[in-house]
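Participant: As input, take target-v3.csv (CSV, C-alpha atoms):
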chain,number,residue,atom,x,y,z
F,152,SER,CA,52.4,-35.9,-60.6
F,153,SER,CA,48.7,-35.7,-60.4
F,154,LEU,CA,45.6,-34.8,-62.4
F,155,TYR,CA,43.0,-32.7,-60.7
F,156,ALA,CA,39.5,-31.6,-61.5
F,157,CYS,CA,38.8,-27.9,-61.2
F,158,GLY,CA,35.9,-27.7,-58.8
F,159,ASN,CA,35.4,-23.9,-58.5
F,160,ILE,CA,36.7,-22.3,-61.7
F,161,THR,CA,36.9,-18.7,-60.4
F,162,SER,CA,39.0,-19.7,-57.4
F,163,LEU,CA,40.8,-22.6,-59.2
F,164,SER,CA,40.1,-25.0,-56.4
F,165,LEU,CA,41.4,-28.4,-57.3
F,166,LYS,CA,39.9,-31.8,-56.5
F,167,ALA,CA,42.2,-34.9,-56.6
F,168,ILE,CA,41.1,-37.6,-59.0
F,169,SER,CA,41.6,-41.2,-57.8
F,170,ALA,CA,40.8,-42.8,-61.2
F,171,SER,CA,40.5,-41.8,-64.8
F,172,PRO,CA,37.5,-39.4,-64.9
F,173,LEU,CA,34.4,-40.1,-66.8
F,174,ILE,CA,33.8,-37.5,-69.5
F,175,ASN,CA,31.4,-36.5,-72.2
F,176,ARG,CA,33.4,-37.4,-75.3
F,177,ALA,CA,31.3,-35.2,-77.5
F,178,MET,CA,32.7,-32.1,-75.7
F,179,PRO,CA,36.3,-31.0,-75.4
F,180,LEU,CA,38.3,-31.1,-72.2
F,181,LEU,CA,40.2,-28.0,-71.0
F,182,LEU,CA,43.6,-28.9,-69.6
F,183,LEU,CA,45.6,-26.4,-67.5
F,184,LEU,CA,49.4,-27.0,-67.4
F,185,PRO,CA,51.3,-24.7,-65.1
F,186,ASP,CA,54.9,-23.6,-65.1
F,187,ALA,CA,57.8,-25.4,-63.5
F,188,ILE,CA,57.9,-23.1,-60.5
F,189,GLY,CA,54.6,-22.8,-58.6
F,190,SER,CA,51.2,-24.3,-58.7
F,191,VAL,CA,48.2,-24.1,-61.0
F,192,SER,CA,46.9,-21.1,-59.0
F,193,ASP,CA,50.3,-19.4,-59.2
F,194,SER,CA,50.4,-19.8,-63.0
F,195,PHE,CA,46.8,-18.8,-63.9
F,196,ALA,CA,44.9,-17.1,-61.0
F,197,ALA,CA,46.6,-13.7,-61.6
F,198,LEU,CA,45.4,-13.8,-65.2
F,199,TRP,CA,41.8,-13.3,-64.2
F,200,GLN,CA,41.9,-11.4,-60.9
F,201,SER,CA,39.4,-8.6,-60.5
F,202,ARG,CA,40.4,-5.2,-61.7
F,203,GLN,CA,38.6,-2.0,-62.8
F,204,SER,CA,36.0,-2.5,-65.5
F,205,TYR,CA,36.6,-6.3,-65.5
F,206,SER,CA,34.4,-9.0,-64.0
F,207,PRO,CA,36.4,-12.3,-63.9
F,208,SER,CA,33.4,-14.4,-63.1
F,209,TYR,CA,31.5,-13.2,-66.1
F,210,TYR,CA,34.3,-13.7,-68.6
F,211,LEU,CA,35.4,-17.0,-67.0
F,212,GLU,CA,31.9,-18.3,-67.3
F,213,ARG,CA,32.0,-17.5,-71.0
F,214,LEU,CA,35.5,-19.0,-71.4
F,215,PHE,CA,34.7,-22.3,-69.6
F,216,ARG,CA,31.1,-22.7,-70.9
F,217,PRO,CA,32.1,-24.9,-73.9
F,218,TYR,CA,33.8,-27.4,-71.5
F,219,GLY,CA,30.9,-27.9,-69.0
F,220,GLN,CA,32.6,-29.3,-65.9
F,221,GLN,CA,35.4,-30.8,-67.9
F,222,VAL,CA,38.2,-28.5,-66.8
F,223,TYR,CA,41.3,-30.3,-65.4
F,224,ALA,CA,44.8,-29.4,-64.2
F,225,PHE,CA,48.0,-31.3,-64.0
F,226,GLU,CA,50.6,-30.6,-61.4
F,227,TYR,CA,54.0,-32.2,-61.7
F,228,SER,CA,57.7,-32.1,-60.5
F,229,ALA,CA,59.4,-30.2,-63.3
F,230,LEU,CA,63.0,-29.9,-61.9
F,231,MET,CA,63.6,-33.5,-61.0
F,232,VAL,CA,61.6,-35.3,-63.7
F,233,HIS,CA,62.2,-35.2,-67.5
F,234,PRO,CA,59.4,-33.4,-69.5
F,235,VAL,CA,58.8,-36.6,-71.6
F,236,ILE,CA,58.3,-38.7,-68.4
F,237,ASN,CA,56.0,-36.0,-67.0
F,238,THR,CA,54.0,-36.1,-70.2
F,239,GLN,CA,53.8,-39.9,-70.0
F,240,ARG,CA,52.4,-39.6,-66.5
F,241,LEU,CA,49.8,-37.1,-67.7
F,242,VAL,CA,48.7,-39.3,-70.5
F,243,GLN,CA,48.3,-42.3,-68.2
F,244,GLN,CA,45.8,-40.2,-66.0
F,245,LEU,CA,43.8,-38.7,-68.8
F,246,PRO,CA,40.5,-40.2,-69.8
F,247,GLN,CA,40.2,-42.4,-72.9
F,248,GLN,CA,39.4,-40.6,-76.2
F,249,ALA,CA,39.7,-37.2,-74.7
F,250,GLN,CA,39.7,-34.1,-77.0
F,251,LEU,CA,42.0,-31.6,-75.4
F,252,ASP,CA,42.3,-27.9,-75.5
F,253,CYS,CA,45.4,-26.9,-73.5
F,254,LEU,CA,46.0,-23.6,-71.7
F,255,THR,CA,49.7,-23.5,-70.6
F,256,HIS,CA,52.2,-21.4,-68.8
F,257,GLY,CA,56.0,-21.8,-69.0
F,258,VAL,CA,57.2,-25.4,-68.9
F,259,GLY,CA,53.6,-26.6,-69.0
F,260,GLY,CA,53.7,-25.6,-72.7
F,261,VAL,CA,56.6,-28.0,-73.3
F,262,LEU,CA,54.4,-30.9,-72.0
F,263,ALA,CA,51.5,-29.7,-74.2
F,264,GLU,CA,53.7,-29.6,-77.3
F,265,LEU,CA,55.0,-33.1,-76.6
F,266,LEU,CA,51.5,-34.4,-76.1
F,267,ALA,CA,50.3,-32.8,-79.4
F,268,LEU,CA,53.2,-34.2,-81.3
F,269,ALA,CA,52.8,-37.7,-79.9
F,270,ALA,CA,49.0,-37.6,-80.6
F,271,SER,CA,49.6,-36.7,-84.2
F,272,GLN,CA,52.4,-39.3,-84.5
F,273,ALA,CA,54.9,-36.6,-85.5
F,274,PHE,CA,57.6,-38.6,-83.7
F,275,ASN,CA,58.7,-41.3,-86.1
F,276,GLU,CA,61.4,-43.8,-86.9
F,277,SER,CA,63.6,-41.2,-88.5
F,278,ILE,CA,63.7,-39.2,-85.3
F,279,TYR,CA,64.3,-42.3,-83.2
F,280,GLN,CA,67.2,-43.4,-85.4
F,281,ASP,CA,68.8,-40.0,-85.4
F,282,LEU,CA,68.6,-39.9,-81.6
F,283,HIS,CA,70.2,-43.4,-81.3
F,284,ALA,CA,73.0,-42.3,-83.7
F,285,ARG,CA,73.7,-39.3,-81.4
F,286,GLY,CA,73.8,-41.5,-78.3
F,287,GLU,CA,70.4,-40.4,-77.0
F,288,ALA,CA,68.7,-43.9,-76.9
F,289,ASP,CA,67.0,-43.1,-73.6
F,290,LEU,CA,65.2,-40.1,-75.1
F,291,ALA,CA,64.3,-42.0,-78.3
F,292,ASN,CA,62.8,-44.8,-76.2
F,293,ALA,CA,60.9,-42.3,-73.9
F,294,LEU,CA,59.4,-40.6,-77.0
F,295,ARG,CA,58.4,-44.0,-78.5
F,296,GLU,CA,56.7,-44.9,-75.3
F,297,LEU,CA,54.9,-41.6,-75.1
F,298,VAL,CA,53.5,-42.1,-78.6
F,299,ARG,CA,52.4,-45.7,-77.7
F,300,LEU,CA,50.6,-44.4,-74.6
F,301,THR,CA,48.9,-41.5,-76.4
F,302,GLN,CA,47.8,-43.7,-79.3
F,303,GLN,CA,46.5,-46.3,-76.8
F,304,LYS,CA,44.4,-43.7,-75.1
F,305,GLN,CA,43.3,-42.3,-78.5
F,306,LEU,CA,43.9,-38.7,-77.4
F,307,ARG,CA,43.5,-35.7,-79.7
F,308,VAL,CA,44.9,-32.2,-79.1
F,309,ASN,CA,42.6,-29.7,-80.7
F,310,ARG,CA,44.4,-26.5,-79.8
F,311,ILE,CA,47.1,-25.1,-77.5
F,312,VAL,CA,47.3,-21.6,-76.0
F,313,ASN,CA,50.8,-21.0,-74.6
F,314,LEU,CA,52.1,-18.2,-72.4
F,315,ALA,CA,55.9,-17.7,-72.0
F,316,VAL,CA,56.9,-21.3,-73.1
F,317,PRO,CA,60.6,-22.1,-73.4
F,318,LEU,CA,60.3,-24.1,-76.6
F,319,ARG,CA,63.8,-22.9,-77.7
F,320,GLY,CA,65.2,-23.7,-74.3
F,321,TRP,CA,65.6,-21.8,-71.0
F,322,PRO,CA,69.1,-20.2,-70.7
F,323,LEU,CA,68.8,-20.1,-66.9
F,324,ALA,CA,68.7,-23.9,-67.0
F,325,GLN,CA,72.4,-23.8,-67.8
F,326,ALA,CA,73.3,-21.8,-64.7
F,327,SER,CA,74.9,-23.3,-61.6
F,328,LEU,CA,72.9,-23.5,-58.4
F,329,THR,CA,75.0,-20.7,-57.1
F,330,HIS,CA,73.7,-18.5,-59.9
F,331,TRP,CA,70.2,-19.7,-59.2
F,332,VAL,CA,70.4,-18.5,-55.6
F,333,SER,CA,71.9,-15.2,-56.7
F,334,TRP,CA,69.2,-14.8,-59.4
F,335,LEU,CA,66.4,-15.6,-56.9
F,336,SER,CA,67.8,-13.1,-54.4
F,337,ALA,CA,67.9,-10.4,-57.1
F,338,HIS,CA,64.4,-11.1,-58.3
F,339,GLN,CA,62.7,-12.2,-55.1
F,340,ARG,CA,60.5,-9.2,-54.6
F,341,PRO,CA,58.8,-9.1,-58.1
F,342,LEU,CA,58.5,-12.9,-58.1
F,343,LEU,CA,56.8,-13.1,-54.8
F,344,GLY,CA,54.1,-10.8,-56.1
F,345,VAL,CA,53.2,-13.5,-58.7
F,346,THR,CA,54.1,-16.7,-56.9
F,347,PRO,CA,53.9,-16.3,-53.1
F,348,HIS,CA,54.9,-19.9,-52.4
F,349,LEU,CA,58.4,-19.1,-53.6
F,350,LYS,CA,59.0,-17.4,-50.3
F,351,LEU,CA,58.7,-20.8,-48.5
F,352,PHE,CA,59.9,-23.2,-51.1
F,353,LEU,CA,62.7,-22.0,-53.5
F,354,PRO,CA,65.2,-20.3,-51.1
F,355,VAL,CA,65.2,-23.3,-48.8
F,356,TRP,CA,65.3,-25.9,-51.7
F,357,LEU,CA,68.0,-24.1,-53.6
F,358,GLY,CA,70.1,-23.4,-50.5
F,359,LEU,CA,69.9,-27.1,-49.5
F,360,ALA,CA,70.8,-28.2,-53.0
F,361,HIS,CA,73.8,-25.9,-53.1
F,362,ALA,CA,75.0,-27.1,-49.7
F,363,LEU,CA,74.7,-30.7,-50.8
F,364,LYS,CA,76.7,-29.8,-53.9
F,365,ILE,CA,74.0,-30.9,-56.3
F,366,GLN,CA,74.8,-29.9,-59.8
F,367,THR,CA,72.4,-28.6,-62.5
F,368,ASP,CA,73.0,-31.9,-64.5
F,369,ASP,CA,71.5,-33.8,-61.5
F,370,LEU,CA,68.2,-32.0,-62.1
F,371,ILE,CA,66.9,-34.1,-65.0
F,372,GLY,CA,63.9,-31.9,-65.7
F,373,LEU,CA,65.9,-28.7,-65.6
F,374,LYS,CA,68.7,-30.1,-67.7
F,375,ALA,CA,66.2,-31.0,-70.5
F,376,LEU,CA,65.3,-27.3,-70.8
F,377,GLN,CA,68.9,-26.2,-71.7
F,378,PRO,CA,69.0,-24.7,-75.2
F,379,THR,CA,71.5,-27.3,-76.3
F,380,ASP,CA,69.6,-30.4,-75.0
F,381,PRO,CA,68.4,-33.0,-77.6
F,382,LEU,CA,64.8,-32.5,-76.5
F,383,ILE,CA,64.8,-28.9,-77.4
F,384,ARG,CA,66.4,-29.8,-80.8
F,385,VAL,CA,63.7,-32.4,-81.4
F,386,LEU,CA,60.9,-29.8,-80.6
F,387,ASN,CA,62.4,-27.3,-83.1
F,388,ASP,CA,63.3,-29.6,-86.0
Go ahead and express the file in the form of structure tokens.

Facilitator:
Amino acid sequence: SSLYACGNITSLSLKAISASPLINRAMPLLLLLPDAIGSVSDSFAALWQSRQSYSPSYYLERLFRPYGQQVYAFEYSALMVHPVINTQRLVQQLPQQAQLDCLTHGVGGVLAELLALAASQAFNESIYQDLHARGEADLANALRELVRLTQQKQLRVNRIVNLAVPLRGWPLAQASLTHWVSWLSAHQRPLLGVTPHLKLFLPVWLGLAHALKIQTDDLIGLKALQPTDPLIRVLND
């Protein structure tokens, strides 16, 4: 999981950050959070591609002007890592006292919601006690640690713009890997038009996972997106 600076906004070229970036705290920071499948470019580039009567560079300049050069993106492992852990890792890499505007796609919106709730201290002892009573001590402890990290960094989430975020869960997350392979085969053509990297990554990964008899429950990040998972219930209470 890594935080990147967006060097060229129009092409979404990313520059790796080795340490917490220095920012102008008087200005907000724009944070791009992509979907579980694909990269930042896969999630967002198609939203501002050139088309008739539309100049992406003109509108993007207007969109990003309030942020100066403070546009960042977070790429993460969504299938193998729990969303709360991914959000913890994001917080650890964000600059101190950052004011955040989040633009998200898919699972990235789950991370943004977790970040906003932690920053506002919406997770409290009542939630932790309820999770402990339901046998979900690990989730309670992870949320508590997320709040601690967020408060330590003094982060503030000003606004979130979400696109296709599974805040009520993702039914496909309950499917077996056999169903995943079948679903991908059925939808491969339209998906490749949006996320070309799927051609190289997902068929091989899912096929290998199926051959090794990995179960959906082994994929911690995917399991957390099931509509019946305690995390989804916490986000909707």

Participant: Please, which residues are within 9 Å of (58.7, -27.3, -74.7) by the file's coordinates, counting all atoms listed in the file, and could they come as a PyMOL selection string?

Facilitator: chain F and resi 234+257-265+316-320+376+382-383+386

Participant: Could you give me the centre and size, in Å to one decimal, of an axis-aligned box around all listed atoms of region 311-323 of chain F with 8 Å added on every side, as JSON?

Facilitator:
{"center_x": 58.1, "center_y": -21.4, "center_z": -72.3, "size_x": 38.0, "size_y": 23.4, "size_z": 26.8}

Participant: Per residue of region 188-237 of chain F within 10 Å of region 162-172 of chain F, record the nearest atom pair and its distance in Å to one decimal, counting only C-alpha atoms, with rows in chain order and ascending residue number, as a tab-separated table.

Facilitator:
residue	atom	partner	partner_atom	distance
F:Val191	CA	F:Leu163	CA	7.8
F:Ser192	CA	F:Leu163	CA	6.3
F:Phe195	CA	F:Leu163	CA	8.5
F:Ala196	CA	F:Leu163	CA	7.1
F:Trp199	CA	F:Ser162	CA	9.7
F:Gln200	CA	F:Ser162	CA	9.5
F:Ser208	CA	F:Ser162	CA	9.6
F:Gln221	CA	F:Pro172	CA	9.3
F:Val222	CA	F:Leu163	CA	10.0
F:Tyr223	CA	F:Leu165	CA	8.3
F:Ala224	CA	F:Leu165	CA	7.8
F:Phe225	CA	F:Leu165	CA	9.8

Participant: For Ile236 (chain F), which residue out of F:Asn292, F:Gln250, F:Thr379, F:Asn275 is the nearest one, using only C-alpha atoms?

Facilitator: F:Asn292

Participant: Find the distance between CA of Arg307 (chain F) and CA of Leu214 (chain F) and write it in Å to one decimal.

Facilitator: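 Separating CA of Arg307 (chain F) from CA of Leu214 (chain F) is a distance of 20.3 Å.
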
Participant: Any idea what the distance is between CA of Gln302 (chain F) and CA of Gly286 (chain F)?

Facilitator: 26.1 Å

Participant: Near Thr238 (chain F), counting only C-alpha atoms, which residues have an atom at most 12 Å away, once you skip same-chain residues fewer than 4 positions from it, shown as a ChimeraX atom specification?

Facilitator: /F:152-154,184,225-229,232-234,242-245,258-270,293-294,296-298,300-301,372

Participant: Between F:Cys157, F:Ile371, F:Met178, F:Leu306, which has the minimum distance to Ala249 (chain F) (counting all atoms listed in the file)?

Facilitator: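 Using all atoms listed in the file, Ala249 (chain F) sits closest to F:Leu306.
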
Participant: For a test of reading the model, state the distance in Å between CA of Pro179 (chain F) and CA of Asn387 (chain F), rounded to one decimal.

Facilitator: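 Answer for the CA of Pro179 (chain F) to CA of Asn387 (chain F) separation: 27.5 Å.
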
Participant: Determine the nearest neighbour of Tyr279 (chain F) from the options F:Ala156, F:Leu373, F:Val308, F:Val385, counting only C-alpha atoms.

Facilitator: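 For Tyr279 (chain F), the nearest of the given residues is F:Val385.
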